[in-house]
Amino acid sequence: MNETNIDKPIIRLINLTRRYKVGPNVVEAVAGIDLEIAAGEFVALMGASGSGKSTLLNLLGGLDTPSSGEVWVGEVNLATAKRNILDQHRQHTVGFVFQSFNLLSTRTALENVEMPMLLVGERAAARRTRAHELLAQIGLAQRSDHLPNALSGGEQQRVAIARALANNPLILLADEPTGNLDSKNGAEVMRILRSLNQERGLTLIVVTHDPAVAAYADRVVRLLDGKIVEISMNAAPTIEAVPPITPVMSQLQEASV
Amino acid sequence: MRFPDMLGNSLASLRRRKVRTILTSIGVFVGIVTIVTMVSAGIGTEQQVTSTLSGLGFETITVNPDYSSESNSPNNVPTHPLTPEIVALIKQIPNVVSVITDISLPDAIPEVEISINGTSAPVSAFFSNAGSINPLVSGGTISMIAGPNFDATHQDGVIIGAQSLYNSLHLVGTYPADTSVYNQLLGTPVHLTVTDPRGEQQVFTTTIAGVDTNSNLDDARAPGARSITVRNASVRIGANVKLAIVQWWYRQPDYLEKRGYSRATVKVDTIPHVNAVADQIKGYGLQADTVPALIDQISRVFTILQLMLTSVGLLALLVASIGIANTMIMAIYERTREIGVLKALGATRRDILGMFMLEASFIGLLGGILGVIGGWLLDLLLNWGLNAYLQSQGFYVNLQIFQVNATLIVSALIFAAFIGLLAGLYPARRAARLDPLAALRHE
Ligand SMILES: Nc1ncnc2c1ncn2[C@@H]1O[C@H](COP(=O)(O)OP(=O)(O)OP(=O)(O)O)[C@@H](O)[C@H]1O
Ligand SMILES: [Mg+2]
């Protein structure tokens, strides 16, 4: 995961379209998008409500299937991939972070982080060790036995990030990860994501309404009615030197090798 | 997802909903209790019949000559006599192990007197072999103390009851005496005196061939038992000796060829063959009575009873499986969002399917475990109650009509788990096919 070859696209969308039938009407949630995203890039998806940001993210994650067009992730076209390939895609290639955290409410923080490893058949001892490491690296070692409802929103979202990283994915897909957080916790989550991107070369795609969040990204893609209306490069993305996070993230990088 | 993780996951989900899990499994419990009890009745009955009862002669056929068509035949000669040729034919029927023939002394013989070493007593019993005594009628079991019992090849001499040697004949000073005392008596000359209606007497000389004991007589002579006459000696006379008596009685040296044996006891190798052999014997015009005919009737009643109660059990299981399906559908509805999250994290359809099918199977298995325990306890209770009732009716028996065995336990558990699995199939399939996005949106 050390190669941060910005030039090599890890994601290629070709005339990607997703239509929904709602009664007699057809909604084009994603209406013919062409986009390339390089490995190690940090892209923010912005746009008004209903512009198709979540739909695009779900298509990238293999949770939704396009009506037409192609979704290339690495060597795989998700548009035509068989179910077992999509399963592998979700298990190993991408990690999800949701606005509402979506932690499994009956399981502790540690068990939540273990879950993706459990699903790919990792042994109990190995996944426990790695889950502890991941929680320690986001500063939640003391919270590992807490159930989600005993954690603050910021803590829950950090656990969700640790969980998304459990199987060491290439791409992290975050749908408004700061949407349910106050600005302080939101900033902390963004710092973590930014460091993961910088130090691990993790490809980041973050949906947001918040310009401050978009300011962390290398590139901002703006959608309207399912189409790209603007792509802008951030000449100077927000990179805050945050003492506790950065060293932790380099450890995380080692742990994942 | 590895199987042990799937297992742990399902168990954890069930543990979170203990009350619901137990309530759902009660249906299975009821069904399994009923079925286990029914099947255990079958196991017990079969076991009792084959072990306890078959030793008493249930694989035997009692063959009698046929008198029916001409009751006015002179001197009561049978229309289809049981002659030595017919006996030879019976011996050749497949599955026949042995044929023991016997001769009855005519009812007209007023009394036979037995005299040994100068003491004498009237003879009360004319049976010549144990096999000819219907075990259901005679009650007591006869066992040999000295000498061999009469059988198909050995029909000479007399076998005297140990009680009679003491009570009636006073040949031994104690009862029961040492076995060596009885053995010493073997071969002692015996004189049987028969008197015919004209007052003519004939003495038949033979020997003591054996000493036996009858459990009924033992009981009768136990302290406090009501007194029975002890004057008569219990003597079983060998068929060869009785043949000599009837030849003299009827003045008919060709008695066997004309009138034939009085009865024959045919031993068949196994109970299931009894009816076929009996049918073949009836083909010779003889009467053939079997005990299995009675068993057939008893077992038919049992089968109907078992069928009825097994239907109740199966009905209970059907209702139980609907309950399990309902619980699973509810659980899946509650956990829709969780299923969506798991799918986003990489759970495959098979993972979800397996998780919920395992859960449903465990509910079934739990009901099965409780049901097997319950059925077993019910068996103990029923056996106890049945024997208590029989004893109150004067039958001193210890029947274990309800019996569980390992096969029953294991198959009941597998069956219960299978019921759960079946009930979980549809809900689990629905869960596995949930659209992850729709599931994630679910509140
Ligand atoms: N399952 C669906 N069935 C029908 N229409 C849908 C479905 N999912 C999304 N849509 C429609 O597609 C369009 C794009 O939705 P999407 O959720 O991608 O928007 P979004 O940009 O994420 O909006 P928001 O910022 O509010 O989250 C909307 O008009 C929405 O109503
Ligand atoms: Mg959205």
# chains A, B, ... in the order shown; residues from 1 in each chain; ligands from 1
>>> residues_near_ligand(ligand="ligand 1", cutoff="9 Å", atoms="only C-alpha atoms and all ligand atoms", output="number ranges by chain")
A: 18-22, 26-30, 45-58, 175-176, 207-209, 223-226; B: 437-438
>>> interface_residues(of="chain B", to="chain A", cutoff="8 Å", atoms="only C-alpha atoms", output="short mmCIF file (atom, residue, chain, number, x, y, z; two decimals) with C-alpha atoms, in the first residue's frame")
data_model
loop_
_atom_site.label_atom_id
_atom_site.label_comp_id
_atom_site.auth_asym_id
_atom_site.auth_seq_id
_atom_site.Cartn_x
_atom_site.Cartn_y
_atom_site.Cartn_z
CA MET B 1 -17.46 -16.55 7.46
CA ARG B 2 -16.23 -19.62 9.27
CA ASP B 5 -18.13 -17.95 14.12
CA GLU B 338 -28.09 -4.98 11.06
CA VAL B 341 -24.67 -3.22 7.77
CA ALA B 344 -21.99 -3.55 3.53
CA LEU B 345 -19.16 -5.02 5.60
CA GLY B 346 -18.91 -7.98 3.22
CA ALA B 347 -21.39 -10.58 4.47
CA THR B 348 -22.44 -12.88 1.65
CA ASP B 351 -23.44 -15.95 5.58
CA PRO B 436 -28.50 -3.98 1.34
CA LEU B 437 -29.45 -0.38 0.60
#
>>> atom_distance(atom1="atom CA of A:Ile10", atom2="atom CA of A:Glu41")
9.2 Å
>>> select_by_dssp(residues="stretch 50-256 of chain A", states="strand (DSSP E)", output="MDAnalysis selection string")
chainID A and resid 68:73 76:77 94:97 171:175 203:207 219:224 227:233
>>> atom_distance(atom1="atom CA of B:Pro94", atom2="atom CA of B:Asp156")
28.1 Å
>>> closest_residue(among="A:Arg158, A:Gln99, A:Leu147, A:Leu140", to="ligand 2", atoms="only C-alpha atoms and all ligand atoms")
A:Gln99
>>> closest_residue(among="B:Lys267, B:Arg441, B:Arg350, B:Arg429", to="ligand 2", atoms="only C-alpha atoms and all ligand atoms")
B:Arg441
>>> atom_distance(atom1="atom CA of B:Leu434", atom2="atom CA of B:Met357")
15.3 Å
>>> decode(residues="stretch 370-443 of chain B", atoms="C-alpha atoms", output="PDB file, in the first residue's frame")
ATOM      1  CA  LEU B 370     -36.214 -30.391  26.473  1.00  0.00           C
ATOM      2  CA  GLY B 371     -38.603 -32.770  24.697  1.00  0.00           C
ATOM      3  CA  VAL B 372     -36.305 -35.778  25.013  1.00  0.00           C
ATOM      4  CA  ILE B 373     -35.807 -35.087  28.712  1.00  0.00           C
ATOM      5  CA  GLY B 374     -39.543 -34.576  29.146  1.00  0.00           C
ATOM      6  CA  GLY B 375     -40.380 -37.707  27.178  1.00  0.00           C
ATOM      7  CA  TRP B 376     -37.964 -39.750  29.218  1.00  0.00           C
ATOM      8  CA  LEU B 377     -39.427 -38.500  32.487  1.00  0.00           C
ATOM      9  CA  LEU B 378     -42.926 -39.201  31.181  1.00  0.00           C
ATOM     10  CA  ASP B 379     -41.789 -42.749  30.309  1.00  0.00           C
ATOM     11  CA  LEU B 380     -40.630 -43.325  33.890  1.00  0.00           C
ATOM     12  CA  LEU B 381     -43.943 -42.037  35.161  1.00  0.00           C
ATOM     13  CA  LEU B 382     -46.006 -44.149  32.758  1.00  0.00           C
ATOM     14  CA  ASN B 383     -44.049 -47.332  33.529  1.00  0.00           C
ATOM     15  CA  TRP B 384     -44.466 -46.705  37.210  1.00  0.00           C
ATOM     16  CA  GLY B 385     -48.174 -46.011  36.824  1.00  0.00           C
ATOM     17  CA  LEU B 386     -48.774 -49.008  34.580  1.00  0.00           C
ATOM     18  CA  ASN B 387     -47.050 -51.425  36.961  1.00  0.00           C
ATOM     19  CA  ALA B 388     -48.773 -49.902  39.962  1.00  0.00           C
ATOM     20  CA  TYR B 389     -52.111 -50.408  38.222  1.00  0.00           C
ATOM     21  CA  LEU B 390     -51.334 -53.984  37.167  1.00  0.00           C
ATOM     22  CA  GLN B 391     -50.199 -54.817  40.680  1.00  0.00           C
ATOM     23  CA  SER B 392     -53.385 -53.392  42.113  1.00  0.00           C
ATOM     24  CA  GLN B 393     -55.175 -55.788  39.765  1.00  0.00           C
ATOM     25  CA  GLY B 394     -53.163 -58.710  41.084  1.00  0.00           C
ATOM     26  CA  PHE B 395     -50.537 -59.002  38.361  1.00  0.00           C
ATOM     27  CA  TYR B 396     -47.133 -58.969  39.965  1.00  0.00           C
ATOM     28  CA  VAL B 397     -45.111 -57.871  36.977  1.00  0.00           C
ATOM     29  CA  ASN B 398     -42.507 -55.270  36.213  1.00  0.00           C
ATOM     30  CA  LEU B 399     -43.101 -54.281  32.610  1.00  0.00           C
ATOM     31  CA  GLN B 400     -40.960 -51.572  31.038  1.00  0.00           C
ATOM     32  CA  ILE B 401     -43.348 -50.770  28.219  1.00  0.00           C
ATOM     33  CA  PHE B 402     -41.868 -47.301  27.634  1.00  0.00           C
ATOM     34  CA  GLN B 403     -38.172 -47.394  26.816  1.00  0.00           C
ATOM     35  CA  VAL B 404     -35.846 -44.875  25.215  1.00  0.00           C
ATOM     36  CA  ASN B 405     -32.639 -45.881  23.494  1.00  0.00           C
ATOM     37  CA  ALA B 406     -29.723 -43.995  22.010  1.00  0.00           C
ATOM     38  CA  THR B 407     -31.136 -44.192  18.486  1.00  0.00           C
ATOM     39  CA  LEU B 408     -34.388 -42.633  19.621  1.00  0.00           C
ATOM     40  CA  ILE B 409     -32.635 -39.835  21.502  1.00  0.00           C
ATOM     41  CA  VAL B 410     -30.282 -38.988  18.658  1.00  0.00           C
ATOM     42  CA  SER B 411     -32.953 -39.139  15.981  1.00  0.00           C
ATOM     43  CA  ALA B 412     -35.372 -37.075  18.067  1.00  0.00           C
ATOM     44  CA  LEU B 413     -32.713 -34.378  18.463  1.00  0.00           C
ATOM     45  CA  ILE B 414     -31.833 -34.449  14.783  1.00  0.00           C
ATOM     46  CA  PHE B 415     -35.504 -34.375  13.880  1.00  0.00           C
ATOM     47  CA  ALA B 416     -36.178 -31.405  16.166  1.00  0.00           C
ATOM     48  CA  ALA B 417     -33.225 -29.477  14.745  1.00  0.00           C
ATOM     49  CA  PHE B 418     -34.391 -30.392  11.257  1.00  0.00           C
ATOM     50  CA  ILE B 419     -37.884 -29.040  11.990  1.00  0.00           C
ATOM     51  CA  GLY B 420     -36.248 -25.779  13.069  1.00  0.00           C
ATOM     52  CA  LEU B 421     -34.053 -25.735   9.980  1.00  0.00           C
ATOM     53  CA  LEU B 422     -37.048 -26.285   7.737  1.00  0.00           C
ATOM     54  CA  ALA B 423     -39.040 -23.585   9.501  1.00  0.00           C
ATOM     55  CA  GLY B 424     -36.098 -21.191   9.201  1.00  0.00           C
ATOM     56  CA  LEU B 425     -35.567 -21.819   5.510  1.00  0.00           C
ATOM     57  CA  TYR B 426     -38.023 -19.275   4.166  1.00  0.00           C
ATOM     58  CA  PRO B 427     -37.269 -16.448   6.636  1.00  0.00           C
ATOM     59  CA  ALA B 428     -33.517 -16.971   6.243  1.00  0.00           C
ATOM     60  CA  ARG B 429     -33.801 -16.884   2.464  1.00  0.00           C
ATOM     61  CA  ARG B 430     -35.710 -13.644   2.721  1.00  0.00           C
ATOM     62  CA  ALA B 431     -33.020 -12.196   4.961  1.00  0.00           C
ATOM     63  CA  ALA B 432     -30.253 -13.345   2.634  1.00  0.00           C
ATOM     64  CA  ARG B 433     -31.907 -11.720  -0.374  1.00  0.00           C
ATOM     65  CA  LEU B 434     -32.546  -8.366   1.300  1.00  0.00           C
ATOM     66  CA  ASP B 435     -31.333  -5.442  -0.759  1.00  0.00           C
ATOM     67  CA  PRO B 436     -28.496  -3.978   1.341  1.00  0.00           C
ATOM     68  CA  LEU B 437     -29.454  -0.377   0.604  1.00  0.00           C
ATOM     69  CA  ALA B 438     -33.096  -0.902   1.472  1.00  0.00           C
ATOM     70  CA  ALA B 439     -31.987  -2.704   4.631  1.00  0.00           C
ATOM     71  CA  LEU B 440     -29.678   0.151   5.595  1.00  0.00           C
ATOM     72  CA  ARG B 441     -32.499   2.674   5.176  1.00  0.00           C
ATOM     73  CA  HIS B 442     -34.768   0.552   7.410  1.00  0.00           C
ATOM     74  CA  GLU B 443     -35.537   2.121  10.762  1.00  0.00           C
TER      75      GLU B 443
END
